[in-house]
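Just coords.pdb here, PDB, C-alpha atoms:
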ATOM      1  CA  MET A 201      -4.345  28.656 -13.209
ATOM      2  CA  LEU A 202      -4.896  27.374 -16.743
ATOM      3  CA  GLU A 203      -7.097  24.296 -17.141
ATOM      4  CA  LEU A 204      -6.795  21.360 -19.519
ATOM      5  CA  VAL A 205      -9.406  22.869 -21.839
ATOM      6  CA  ASP A 206      -7.248  26.001 -22.193
ATOM      7  CA  TYR A 207      -4.208  23.951 -23.166
ATOM      8  CA  LEU A 208      -6.186  21.838 -25.641
ATOM      9  CA  GLN A 209      -7.467  25.000 -27.296
ATOM     10  CA  THR A 210      -4.123  26.794 -27.505
ATOM     11  CA  LEU A 211      -1.330  24.198 -27.695
ATOM     12  CA  PRO A 212      -0.584  21.647 -30.414
ATOM     13  CA  PHE A 213       0.124  18.905 -27.857
ATOM     14  CA  VAL A 214      -0.636  18.384 -24.171
ATOM     15  CA  LEU A 215       0.640  15.954 -21.565
ATOM     16  CA  THR A 216      -1.267  14.512 -18.626
ATOM     17  CA  VAL A 217      -0.319  11.876 -16.053
ATOM     18  CA  GLU A 218      -2.525   9.554 -14.022
ATOM     19  CA  LEU A 219      -2.468   9.925 -10.246
ATOM     20  CA  GLU A 220      -4.131   7.445  -7.881
ATOM     21  CA  PRO A 221      -5.814   8.672  -4.676
ATOM     22  CA  PRO A 222      -4.631   7.187  -1.372
ATOM     23  CA  LYS A 223      -6.305   4.327   0.439
ATOM     24  CA  GLY A 224      -6.608   6.370   3.597
ATOM     25  CA  CYS A 225      -6.421  10.012   4.640
ATOM     26  CA  ASP A 226      -2.739  10.795   4.100
ATOM     27  CA  LEU A 227      -2.301  12.946   0.979
ATOM     28  CA  SER A 228       1.401  13.718   1.462
ATOM     29  CA  SER A 229       2.625  11.372  -1.275
ATOM     30  CA  VAL A 230      -0.028  12.694  -3.655
ATOM     31  CA  TYR A 231       1.111  16.279  -3.095
ATOM     32  CA  LYS A 232       4.751  15.308  -3.512
ATOM     33  CA  TYR A 233       4.084  13.565  -6.805
ATOM     34  CA  ALA A 234       1.857  16.361  -8.155
ATOM     35  CA  LYS A 235       4.398  19.048  -7.252
ATOM     36  CA  ALA A 236       7.154  17.054  -8.957
ATOM     37  CA  LEU A 237       5.043  16.986 -12.133
ATOM     38  CA  LYS A 238       4.248  20.708 -12.179
ATOM     39  CA  GLY A 239       5.960  22.321 -15.159
ATOM     40  CA  LYS A 240       6.390  18.910 -16.796
ATOM     41  CA  VAL A 241       2.751  18.125 -17.597
ATOM     42  CA  HIS A 242      -0.351  20.205 -18.150
ATOM     43  CA  ALA A 243      -2.699  18.270 -15.854
ATOM     44  CA  VAL A 244      -3.017  15.167 -13.705
ATOM     45  CA  ASN A 245      -5.825  12.615 -13.942
ATOM     46  CA  ILE A 246      -7.299  11.461 -10.629
ATOM     47  CA  THR A 247      -8.726   7.943 -10.791
ATOM     48  CA  ASP A 248     -12.042   6.881  -9.245
ATOM     49  CA  SER A 249     -11.370   3.754  -7.143
ATOM     50  CA  PRO A 250      -9.527   2.100 -10.068
ATOM     51  CA  MET A 251     -10.081  -1.623 -10.659
ATOM     52  CA  ALA A 252     -12.880  -1.286  -8.062
ATOM     53  CA  ASN A 253     -10.349  -0.865  -5.237
ATOM     54  CA  MET A 254     -11.560   1.628  -2.631
ATOM     55  CA  ARG A 255      -9.709   4.950  -2.602
ATOM     56  CA  MET A 256     -10.349   8.537  -1.476
ATOM     57  CA  SER A 257     -12.838  10.527  -3.551
ATOM     58  CA  PRO A 258     -11.194  11.727  -6.792
ATOM     59  CA  ILE A 259     -13.109  14.995  -6.529
ATOM     60  CA  ALA A 260     -11.601  15.821  -3.137
ATOM     61  CA  VAL A 261      -8.135  14.842  -4.344
ATOM     62  CA  ALA A 262      -8.492  16.865  -7.547
ATOM     63  CA  HIS A 263      -9.504  19.945  -5.564
ATOM     64  CA  MET A 264      -6.643  19.574  -3.090
ATOM     65  CA  VAL A 265      -4.069  18.956  -5.844
ATOM     66  CA  LYS A 266      -5.152  22.153  -7.579
ATOM     67  CA  GLN A 267      -4.868  24.035  -4.294
ATOM     68  CA  GLU A 268      -1.582  22.548  -3.080
ATOM     69  CA  ALA A 269       0.336  21.921  -6.317
ATOM     70  CA  GLY A 270      -1.102  24.603  -8.616
ATOM     71  CA  ILE A 271      -1.775  22.160 -11.445
ATOM     72  CA  ASP A 272      -5.076  21.348 -13.121
ATOM     73  CA  ALA A 273      -6.692  18.023 -12.263
ATOM     74  CA  VAL A 274      -9.084  15.910 -14.304
ATOM     75  CA  PHE A 275     -11.255  13.752 -12.062
ATOM     76  CA  HIS A 276     -12.572  10.383 -13.187
ATOM     77  CA  LEU A 277     -16.198   9.587 -12.390
ATOM     78  CA  THR A 278     -17.634   6.089 -12.794
ATOM     79  CA  CYS A 279     -21.197   4.806 -12.891
ATOM     80  CA  ARG A 280     -20.355   1.922 -10.565
ATOM     81  CA  ASP A 281     -20.952   3.458  -7.145
ATOM     82  CA  ARG A 282     -23.762   5.991  -7.496
ATOM     83  CA  ASN A 283     -27.294   6.280  -8.858
ATOM     84  CA  VAL A 284     -28.337   9.272 -10.965
ATOM     85  CA  ILE A 285     -29.081  11.359  -7.867
ATOM     86  CA  GLY A 286     -25.639  10.673  -6.412
ATOM     87  CA  LEU A 287     -23.866  11.279  -9.729
ATOM     88  CA  GLN A 288     -25.499  14.687 -10.101
ATOM     89  CA  ALA A 289     -24.747  15.585  -6.493
ATOM     90  CA  GLU A 290     -21.077  14.635  -6.976
ATOM     91  CA  LEU A 291     -20.834  16.717 -10.131
ATOM     92  CA  LEU A 292     -22.409  19.787  -8.544
ATOM     93  CA  GLY A 293     -20.077  19.428  -5.578
ATOM     94  CA  ALA A 294     -17.075  19.173  -7.888
ATOM     95  CA  HIS A 295     -18.161  22.321  -9.692
ATOM     96  CA  ALA A 296     -18.473  24.182  -6.398
ATOM     97  CA  LEU A 297     -14.891  23.142  -5.579
ATOM     98  CA  GLY A 298     -13.620  24.488  -8.896
ATOM     99  CA  VAL A 299     -12.929  21.086 -10.455
ATOM    100  CA  ARG A 300     -14.272  21.327 -14.000
ATOM    101  CA  SER A 301     -12.402  18.729 -16.097
ATOM    102  CA  ILE A 302     -13.928  15.246 -15.979
ATOM    103  CA  LEU A 303     -13.323  11.849 -17.562
ATOM    104  CA  VAL A 304     -16.524   9.807 -17.686
ATOM    105  CA  LEU A 305     -16.210   6.026 -17.283
ATOM    106  CA  SER A 306     -18.553   3.104 -16.680
ATOM    107  CA  GLY A 307     -16.138   1.593 -14.124
ATOM    108  CA  ASP A 308     -14.993  -1.904 -13.216
ATOM    109  CA  PRO A 309     -17.451  -4.201 -11.385
ATOM    110  CA  PRO A 310     -16.904  -4.546  -7.612
ATOM    111  CA  SER A 311     -16.121  -8.245  -8.015
ATOM    112  CA  ARG A 312     -12.723  -7.266  -9.431
ATOM    113  CA  GLY A 313     -11.662  -5.177  -6.454
ATOM    114  CA  ASP A 314     -11.028  -5.243  -2.711
ATOM    115  CA  HIS A 315     -14.750  -5.186  -1.797
ATOM    116  CA  PRO A 316     -15.971  -8.089  -3.967
ATOM    117  CA  ASN A 317     -19.280  -8.406  -2.106
ATOM    118  CA  ALA A 318     -20.251  -4.775  -2.708
ATOM    119  CA  ARG A 319     -23.042  -4.115  -5.183
ATOM    120  CA  GLY A 320     -22.433  -2.099  -8.322
ATOM    121  CA  ILE A 321     -25.063   0.488  -9.226
ATOM    122  CA  PHE A 322     -24.643   1.097 -12.972
ATOM    123  CA  GLU A 323     -28.016   2.861 -13.182
ATOM    124  CA  VAL A 324     -26.595   4.548 -16.263
ATOM    125  CA  ASP A 325     -23.526   3.706 -18.331
ATOM    126  CA  SER A 326     -20.846   6.124 -19.539
ATOM    127  CA  VAL A 327     -23.118   7.332 -22.363
ATOM    128  CA  GLY A 328     -25.781   8.242 -19.822
ATOM    129  CA  LEU A 329     -23.273   9.914 -17.511
ATOM    130  CA  VAL A 330     -22.043  12.115 -20.355
ATOM    131  CA  LYS A 331     -25.650  13.163 -20.899
ATOM    132  CA  ILE A 332     -26.058  13.925 -17.179
ATOM    133  CA  ALA A 333     -22.968  16.174 -17.144
ATOM    134  CA  HIS A 334     -24.106  17.887 -20.341
ATOM    135  CA  CYS A 335     -27.579  18.492 -18.873
ATOM    136  CA  LEU A 336     -26.004  20.191 -15.857
ATOM    137  CA  ASN A 337     -23.969  22.338 -18.268
ATOM    138  CA  GLN A 338     -27.237  23.394 -19.903
ATOM    139  CA  GLY A 339     -28.732  24.344 -16.547
ATOM    140  CA  TYR A 340     -31.038  21.345 -16.046
ATOM    141  CA  ASP A 341     -30.998  18.175 -13.972
ATOM    142  CA  TRP A 342     -31.505  14.643 -15.315
ATOM    143  CA  THR A 343     -35.294  14.969 -15.116
ATOM    144  CA  GLY A 344     -35.425  18.351 -16.839
ATOM    145  CA  HIS A 345     -35.829  20.608 -13.793
ATOM    146  CA  ALA A 346     -34.018  23.941 -13.958
ATOM    147  CA  LEU A 347     -30.955  24.454 -11.778
ATOM    148  CA  LYS A 348     -29.997  27.560  -9.851
ATOM    149  CA  GLY A 349     -26.916  28.119 -11.965
ATOM    150  CA  ALA A 350     -25.495  25.929 -14.738
ATOM    151  CA  SER A 351     -22.227  24.018 -14.517
ATOM    152  CA  ASN A 352     -19.279  24.361 -16.871
ATOM    153  CA  PHE A 353     -17.698  20.923 -17.175
ATOM    154  CA  HIS A 354     -15.201  19.928 -19.849
ATOM    155  CA  ILE A 355     -16.312  16.360 -20.507
ATOM    156  CA  GLY A 356     -13.867  13.659 -21.568
ATOM    157  CA  VAL A 357     -14.739  10.125 -22.672
ATOM    158  CA  ALA A 358     -12.756   6.943 -23.200
ATOM    159  CA  ALA A 359     -12.271   5.043 -26.462
ATOM    160  CA  ASN A 360     -10.333   1.942 -27.469
ATOM    161  CA  PRO A 361      -8.537   2.110 -30.854
ATOM    162  CA  LEU A 362      -7.970  -1.660 -30.584
ATOM    163  CA  ALA A 363     -11.499  -2.766 -29.715
ATOM    164  CA  GLU A 364     -12.344  -6.216 -31.033
ATOM    165  CA  ASP A 365     -15.683  -4.945 -32.326
ATOM    166  CA  MET A 366     -14.630  -1.623 -33.804
ATOM    167  CA  GLU A 367     -18.036  -0.820 -35.269
ATOM    168  CA  LYS A 368     -19.640  -1.178 -31.843
ATOM    169  CA  GLU A 369     -16.858   0.938 -30.277
ATOM    170  CA  LEU A 370     -17.387   3.690 -32.846
ATOM    171  CA  GLU A 371     -21.140   3.540 -32.349
ATOM    172  CA  ARG A 372     -20.784   4.015 -28.583
ATOM    173  CA  LEU A 373     -18.272   6.817 -29.085
ATOM    174  CA  ALA A 374     -20.689   8.556 -31.451
ATOM    175  CA  LYS A 375     -23.403   8.404 -28.787
ATOM    176  CA  LYS A 376     -21.050   9.899 -26.195
ATOM    177  CA  ILE A 377     -20.195  12.736 -28.558
ATOM    178  CA  GLU A 378     -23.844  13.328 -29.454
ATOM    179  CA  ASN A 379     -24.607  13.562 -25.729
ATOM    180  CA  GLY A 380     -21.998  16.267 -25.117
ATOM    181  CA  ALA A 381     -18.424  14.908 -24.947
ATOM    182  CA  ASN A 382     -15.667  17.502 -25.464
ATOM    183  CA  PHE A 383     -12.524  15.370 -25.758
ATOM    184  CA  ILE A 384     -11.475  11.736 -26.148
ATOM    185  CA  GLN A 385      -8.889   9.794 -24.147
ATOM    186  CA  THR A 386      -7.837   6.426 -25.510
ATOM    187  CA  GLN A 387      -6.896   3.155 -23.889
ATOM    188  CA  PRO A 388      -3.140   2.393 -23.994
ATOM    189  CA  ILE A 389      -1.714   2.221 -27.495
ATOM    190  CA  TYR A 390       1.780   1.246 -28.663
ATOM    191  CA  GLU A 391       1.585   1.630 -32.433
ATOM    192  CA  PRO A 392       0.964   5.134 -33.832
ATOM    193  CA  GLU A 393      -0.110   3.676 -37.200
ATOM    194  CA  ILE A 394      -3.078   1.902 -35.615
ATOM    195  CA  LEU A 395      -3.963   5.040 -33.670
ATOM    196  CA  ALA A 396      -3.768   7.110 -36.870
ATOM    197  CA  ARG A 397      -6.310   4.840 -38.576
ATOM    198  CA  PHE A 398      -8.649   5.215 -35.610
ATOM    199  CA  VAL A 399      -8.228   8.995 -35.581
ATOM    200  CA  GLU A 400      -9.020   9.143 -39.278
ATOM    201  CA  ARG A 401     -12.311   7.355 -38.703
ATOM    202  CA  ILE A 402     -13.382   9.833 -36.014
ATOM    203  CA  ARG A 403     -12.020  12.926 -37.753
ATOM    204  CA  PRO A 404     -15.508  14.236 -38.694
ATOM    205  CA  TYR A 405     -16.261  14.782 -34.986
ATOM    206  CA  ASP A 406     -13.385  17.282 -34.757
ATOM    207  CA  LEU A 407     -12.616  16.584 -31.097
ATOM    208  CA  PRO A 408      -9.140  16.545 -29.522
ATOM    209  CA  VAL A 409      -7.735  13.068 -28.849
ATOM    210  CA  ILE A 410      -5.391  12.270 -25.963
ATOM    211  CA  ALA A 411      -3.620   8.935 -26.438
ATOM    212  CA  GLY A 412      -3.029   6.546 -23.550
ATOM    213  CA  VAL A 413       0.627   5.695 -22.896
ATOM    214  CA  LEU A 414       1.288   2.776 -20.543
ATOM    215  CA  PRO A 415       5.049   2.325 -20.031
ATOM    216  CA  ILE A 416       5.946  -1.317 -19.401
ATOM    217  CA  LYS A 417       8.307  -1.441 -16.443
ATOM    218  CA  SER A 418       9.302  -5.122 -16.430
ATOM    219  CA  ARG A 419       9.094  -8.493 -18.145
ATOM    220  CA  LYS A 420       6.650  -9.566 -15.435
ATOM    221  CA  MET A 421       4.315  -6.660 -16.166
ATOM    222  CA  CYS A 422       4.482  -7.388 -19.889
ATOM    223  CA  GLN A 423       3.446 -11.014 -19.378
ATOM    224  CA  HIS A 424       0.701 -10.004 -16.941
ATOM    225  CA  ILE A 425      -0.861  -7.678 -19.509
ATOM    226  CA  LEU A 426      -0.587 -10.266 -22.264
ATOM    227  CA  HIS A 427      -2.349 -12.951 -20.258
ATOM    228  CA  ASN A 428      -4.715 -11.065 -17.953
ATOM    229  CA  ILE A 429      -5.784  -7.698 -19.363
ATOM    230  CA  PRO A 430      -8.055  -7.753 -22.411
ATOM    231  CA  GLY A 431      -8.201  -4.644 -24.578
ATOM    232  CA  ILE A 432      -4.476  -3.841 -24.376
ATOM    233  CA  HIS A 433      -2.412  -5.172 -27.265
ATOM    234  CA  ILE A 434       1.370  -5.292 -26.924
ATOM    235  CA  PRO A 435       2.956  -5.847 -30.355
ATOM    236  CA  SER A 436       5.388  -8.730 -30.741
ATOM    237  CA  TRP A 437       8.339  -6.416 -31.431
ATOM    238  CA  LEU A 438       7.799  -4.690 -28.082
ATOM    239  CA  VAL A 439       7.440  -8.000 -26.230
ATOM    240  CA  ALA A 440      10.789  -9.071 -27.697
ATOM    241  CA  LYS A 441      12.391  -5.730 -26.793
ATOM    242  CA  ILE A 442      11.258  -5.996 -23.164
ATOM    243  CA  GLU A 443      12.328  -9.625 -22.910
ATOM    244  CA  LYS A 444      15.791  -8.496 -24.001
ATOM    245  CA  GLU A 445      16.107  -5.136 -22.215
ATOM    246  CA  ASP A 446      13.548  -5.385 -19.377
ATOM    247  CA  ARG A 447      12.659  -1.981 -17.849
ATOM    248  CA  GLN A 448      14.867   0.047 -20.177
ATOM    249  CA  GLY A 449      13.114  -1.441 -23.185
ATOM    250  CA  GLY A 450       9.754  -0.284 -21.872
ATOM    251  CA  VAL A 451      11.043   3.200 -21.057
ATOM    252  CA  ASP A 452      12.663   3.638 -24.463
ATOM    253  CA  ALA A 453       9.506   2.473 -26.247
ATOM    254  CA  ALA A 454       7.368   4.960 -24.295
ATOM    255  CA  ARG A 455       9.794   7.776 -25.070
ATOM    256  CA  GLN A 456       9.721   6.960 -28.767
ATOM    257  CA  LEU A 457       5.938   6.845 -28.713
ATOM    258  CA  LEU A 458       5.799  10.312 -27.133
ATOM    259  CA  ARG A 459       8.026  11.623 -29.914
ATOM    260  CA  GLU A 460       5.669  10.267 -32.564
ATOM    261  CA  LEU A 461       2.271  11.049 -31.049
ATOM    262  CA  PRO A 462       2.268  14.826 -31.776
ATOM    263  CA  TYR A 463       2.007  13.929 -35.477
ATOM    264  CA  VAL A 464      -1.168  11.919 -34.819
ATOM    265  CA  VAL A 465      -3.143  13.323 -31.860
ATOM    266  CA  GLN A 466      -3.457  16.377 -29.635
ATOM    267  CA  GLY A 467      -2.045  14.889 -26.445
ATOM    268  CA  ALA A 468      -0.754  11.954 -24.416
ATOM    269  CA  HIS A 469      -1.854  10.544 -21.076
ATOM    270  CA  ILE A 470       0.819   8.602 -19.192
ATOM    271  CA  MET A 471      -0.235   5.862 -16.782
ATOM    272  CA  PRO A 472       2.420   5.348 -14.093
ATOM    273  CA  VAL A 473       1.413   1.814 -12.987
ATOM    274  CA  GLY A 474       2.283   2.708  -9.403
ATOM    275  CA  SER A 475       5.746   4.028 -10.213
ATOM    276  CA  ALA A 476       6.306   7.778 -10.087
ATOM    277  CA  SER A 477       9.959   7.269 -10.982
ATOM    278  CA  LEU A 478       8.944   5.506 -14.193
ATOM    279  CA  VAL A 479       6.992   8.561 -15.336
ATOM    280  CA  GLN A 480       9.966  10.801 -14.574
ATOM    281  CA  GLU A 481      12.213   8.527 -16.644
ATOM    282  CA  VAL A 482       9.820   8.572 -19.589
ATOM    283  CA  LEU A 483       9.297  12.334 -19.454
ATOM    284  CA  ALA A 484      12.944  13.325 -18.996
ATOM    285  CA  PRO A 485      13.974  13.669 -22.664
ATOM    286  CA  VAL A 486      10.702  15.054 -24.013
ATOM    287  CA  ASN A 487       9.723  17.894 -21.696
ATOM    288  CA  SER A 488      11.844  20.564 -23.308
ATOM    289  CA  GLN A 489       9.997  20.241 -26.603
ATOM    290  CA  GLN A 490       6.542  19.055 -25.472
ATOM    291  CA  VAL A 491       5.492  21.195 -22.529
ATOM    292  CA  ALA A 492       4.952  24.814 -23.427
ATOM    293  CA  GLY A 493       2.779  27.615 -22.101
ATOM    294  CA  MET A 494       3.081  26.478 -18.474
TER     295      MET A 494
END
Can the structure in the file be given as C-alpha cells, please?
Amino acid sequence: MLELVDYLQTLPFVLTVELEPPKGCDLSSVYKYAKALKGKVHAVNITDSPMANMRMSPIAVAHMVKQEAGIDAVFHLTCRDRNVIGLQAELLGAHALGVRSILVLSGDPPSRGDHPNARGIFEVDSVGLVKIAHCLNQGYDWTGHALKGASNFHIGVAANPLAEDMEKELERLAKKIENGANFIQTQPIYEPEILARFVERIRPYDLPVIAGVLPIKSRKMCQHILHNIPGIHIPSWLVAKIEKEDRQGGVDAARQLLRELPYVVQGAHIMPVGSASLVQEVLAPVNSQQVAGM
C-alpha cells in the first residue's frame, strides 16, 4: 500500500479527507466511509478528539482503516492529553502498528469539549511535539537516550495563511520546520490568491503544502463560522453566494477551489463537517483528473 509520502513525492497533486473516530467502540461507519473514499483520495486524516470531544484513539483507527479499507491514514496527535512520556509511547506504538504519517497539533483546551473539567497537559506545544517525533526518527528519545530501533514518521504541521499576526505565524512555522517537519497542512482557505501569497513566503523551505478545504453545507453553518470560529475567513462573495444558493453554493465553491488549487499547492485536505455525502458531492466532478496512481 502506498503512503501519503509516496504520493507527495511522485504526484503533482494529492487529495486527503478528514475522518472522525467514533465516540464508542463501533467502527462500522468509519470502515464504510473509508471504503467509499478508496480510489477517490490518497489518504484519510484521523482526528485526535477534535474540539476536545472524547473519541477513540486516532492511532487505533488509523491502523484499522489501513487494514480494513486499504487506504493510508494520517493520524493527528495533540499535546493536550499526554506528557512527553505518553507522547513518545503513543508514537512508538503507532510505528509498531505501521502508522507512519502524522499531523502534529497543539489541540483545543478541554474547556471547549464534552469533558470541560478535565485538565489539559500541554507539557510541550506543537513545536516541541515535532521535535519529539524527529528525535524518534533519529533513534533517540526526548532526553537523548538511544532507542532500540529508530522510527520513520512523515511529520506534518499546521499553518494558517490568514493568521492575524502573520509574522508570528511564520516564525512558529519556521521553528516547526527547523525541528523536523516534512509537510504543511493549512487551515481552511477559500481564496487561492491569498494562499498563493502565503506559499510564496514559505517557498524557501521547499516543503509540500496541502490546503484545507472546508465545504460550507448551509446558511446556518456559514453564519456559525462567521460569528464563532476565529481563524477562518469566509469572503463576502461566498457569504452572498451561500445566502442565495444555500448548500449548492457551498458545494460549487469547494469544487471550483479544488480546480484551482493544483496551480498553487501540492494537495488539498477536505473537511467533511460531519457529512460524508457532502464530500462525495464535492469530489464527484474532480476525481477523474485529480486522483492518479491509486
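This file, filtered with the PyMOL selection byres ((chain A and resi 305) around 6), gives the residues Thr278, Val304, Ser306, Gly307 and Ser326 of chain A.
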Which residues of region 317-397 of chain A have any atom within 12 Å of an atom in region 465-486 of chain A when counting only C-alpha atoms, and what is the closest pair of atoms for each, with the distance in Å to one decimal? Order the rows by chain and rising number and write it as CSV.
residue,atom,partner,partner_atom,distance
A:Ala358,CA,A:His469,CA,11.7
A:Phe383,CA,A:Gln466,CA,9.9
A:Ile384,CA,A:Gln466,CA,9.9
A:Gln385,CA,A:His469,CA,7.7
A:Thr386,CA,A:His469,CA,8.5
A:Gln387,CA,A:His469,CA,9.4
A:Pro388,CA,A:Met471,CA,8.5
A:Ile389,CA,A:Ala468,CA,10.3
A:Tyr390,CA,A:Ala468,CA,11.8
A:Pro392,CA,A:Val465,CA,9.4
A:Glu393,CA,A:Val465,CA,11.4
A:Leu395,CA,A:Val465,CA,8.5
A:Ala396,CA,A:Val465,CA,8.0
A:Arg397,CA,A:Val465,CA,11.3
### Task
Please measure the separation of CA of Ser311 (chain A) and CA of Lys368 (chain A), giving the value in Å to one decimal.
25.1 Å
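Only residues having an atom at most 12 Å from (-26.3, 28.8, -11.3) are included; using all atoms listed in the file, these are Leu292, His295, Ala296, Leu336, Asn337, Gln338, Gly339, Tyr340, Asp341, Ala346, Leu347, Lys348, Gly349, Ala350, Ser351 and Asn352 of chain A.
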### Query
How would you write, as a VMD selection string, the residues chosen by the PyMOL selection byres ((chain A and resi 432) around 9) on this structure?
chain A and resid 360 362 to 363 387 to 389 425 to 426 429 to 431 433 to 434
### Query
Pick from A:Val327, A:Ala359, A:Leu407, A:Leu303: nearest to Leu208 (chain A), with only C-alpha atoms counted?
A:Leu407
Closest contacts (region 290-315 of chain A/region 243-265 of chain A, max 6 Å, all atoms listed in the file) as CSV:
residue,atom,partner,partner_atom,distance
A:Ala294,CA,A:Ile259,CA,5.9
A:Asp308,CA,A:Met251,CA,5.5
A:Pro310,CA,A:Ala252,CA,5.2
A:Gly313,CA,A:Ala252,CA,4.4
A:Asp314,CA,A:Asn253,CA,5.1
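With CA of Ala453 (chain A) on one side and CA of Leu237 (chain A) on the other, the separation reads 20.7 Å.
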### Message
Using only C-alpha atoms for the distances, tell me which of A:Val357, A:Met366, A:Ile410, A:Ala440 is nearest to Leu215 (chain A).
### Response
A:Ile410
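As for CA of Ala289 (chain A) and CA of His354 (chain A), they are spaced 17.0 Å apart.
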### Message
Restricting the calculation to only C-alpha atoms: of A:Lys240, A:Arg280, A:His334, A:Arg403, which residue gets closest to Leu370 (chain A)?
### Response
A:Arg403
### Task
I would like the residues chosen by the PyMOL selection byres ((chain A and resi 284) around 8) on the shown file; could you give them as a PyMOL selection string?
chain A and resi 282-283+285-288+323-324+342
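If only C-alpha atoms are the atoms counted, then among A:Ile377, A:Pro435, A:Glu391, A:Gly270 the closest residue to Gln456 (chain A) is A:Glu391.
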### Query
Nearest to Val413 (chain A): which of A:Ala318, A:Ala333, A:Leu461, A:Met201 is it, counting all atoms listed in the file?
A:Leu461
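Using only C-alpha atoms, the protein and nucleic acid residues lying no more than 9 Å from Gly380 (chain A), apart from those fewer than 5 places from it along its own chain, are Val330, Lys331, Ala333, His334, Cys335, Ile355 and Lys375 of chain A.
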Could you dump the residues just selected with C-alpha atoms as a short mmCIF file (atom, residue, chain, number, x, y, z; two decimals), keeping the file's coordinate frame?
data_model
loop_
_atom_site.label_atom_id
_atom_site.label_comp_id
_atom_site.auth_asym_id
_atom_site.auth_seq_id
_atom_site.Cartn_x
_atom_site.Cartn_y
_atom_site.Cartn_z
CA VAL A 330 -22.04 12.12 -20.36
CA LYS A 331 -25.65 13.16 -20.90
CA ALA A 333 -22.97 16.17 -17.14
CA HIS A 334 -24.11 17.89 -20.34
CA CYS A 335 -27.58 18.49 -18.87
CA ILE A 355 -16.31 16.36 -20.51
CA LYS A 375 -23.40 8.40 -28.79
#
### Summary
For Pro415 (chain A), the closest of A:Pro222, A:Val217, A:Glu268, A:Val399 counting all atoms listed in the file is A:Val217
Could region 213-227 of chain A be completed with N, CA and C atoms and written as a compact mmCIF listing (two decimals), in the coordinates of the input, please?
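Below you can see out-v4.txt, which holds the result:
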# COMPACT_ATOMS: atom_id res chain seq x y z
N PHE A 213 0.00 20.20 -28.52
CA PHE A 213 0.12 18.90 -27.86
C PHE A 213 0.17 19.10 -26.35
N VAL A 214 -0.61 18.29 -25.63
CA VAL A 214 -0.64 18.38 -24.17
C VAL A 214 -0.22 17.05 -23.55
N LEU A 215 0.24 17.14 -22.31
CA LEU A 215 0.64 15.95 -21.56
C LEU A 215 -0.12 15.90 -20.24
N THR A 216 -0.66 14.73 -19.93
CA THR A 216 -1.27 14.51 -18.63
C THR A 216 -0.71 13.21 -18.04
N VAL A 217 -0.82 13.08 -16.74
CA VAL A 217 -0.32 11.88 -16.05
C VAL A 217 -1.37 11.42 -15.05
N GLU A 218 -1.57 10.11 -14.97
CA GLU A 218 -2.52 9.55 -14.02
C GLU A 218 -1.97 9.57 -12.60
N LEU A 219 -2.84 9.87 -11.66
CA LEU A 219 -2.47 9.93 -10.25
C LEU A 219 -3.55 9.20 -9.46
N GLU A 220 -3.16 8.25 -8.62
CA GLU A 220 -4.13 7.44 -7.88
C GLU A 220 -4.32 8.01 -6.47
N PRO A 221 -5.56 8.20 -6.04
CA PRO A 221 -5.81 8.67 -4.68
C PRO A 221 -5.33 7.67 -3.64
N PRO A 222 -5.11 8.11 -2.41
CA PRO A 222 -4.63 7.19 -1.37
C PRO A 222 -5.75 6.30 -0.84
N LYS A 223 -5.36 5.17 -0.30
CA LYS A 223 -6.30 4.33 0.44
C LYS A 223 -6.14 4.71 1.91
N GLY A 224 -6.77 5.80 2.27
CA GLY A 224 -6.61 6.37 3.60
C GLY A 224 -6.69 7.88 3.51
N CYS A 225 -6.26 8.56 4.55
CA CYS A 225 -6.42 10.01 4.64
C CYS A 225 -5.14 10.80 4.42
N ASP A 226 -4.03 10.12 4.25
CA ASP A 226 -2.74 10.80 4.10
C ASP A 226 -2.49 11.16 2.64
N LEU A 227 -2.49 12.46 2.34
CA LEU A 227 -2.30 12.95 0.98
C LEU A 227 -0.86 13.39 0.69
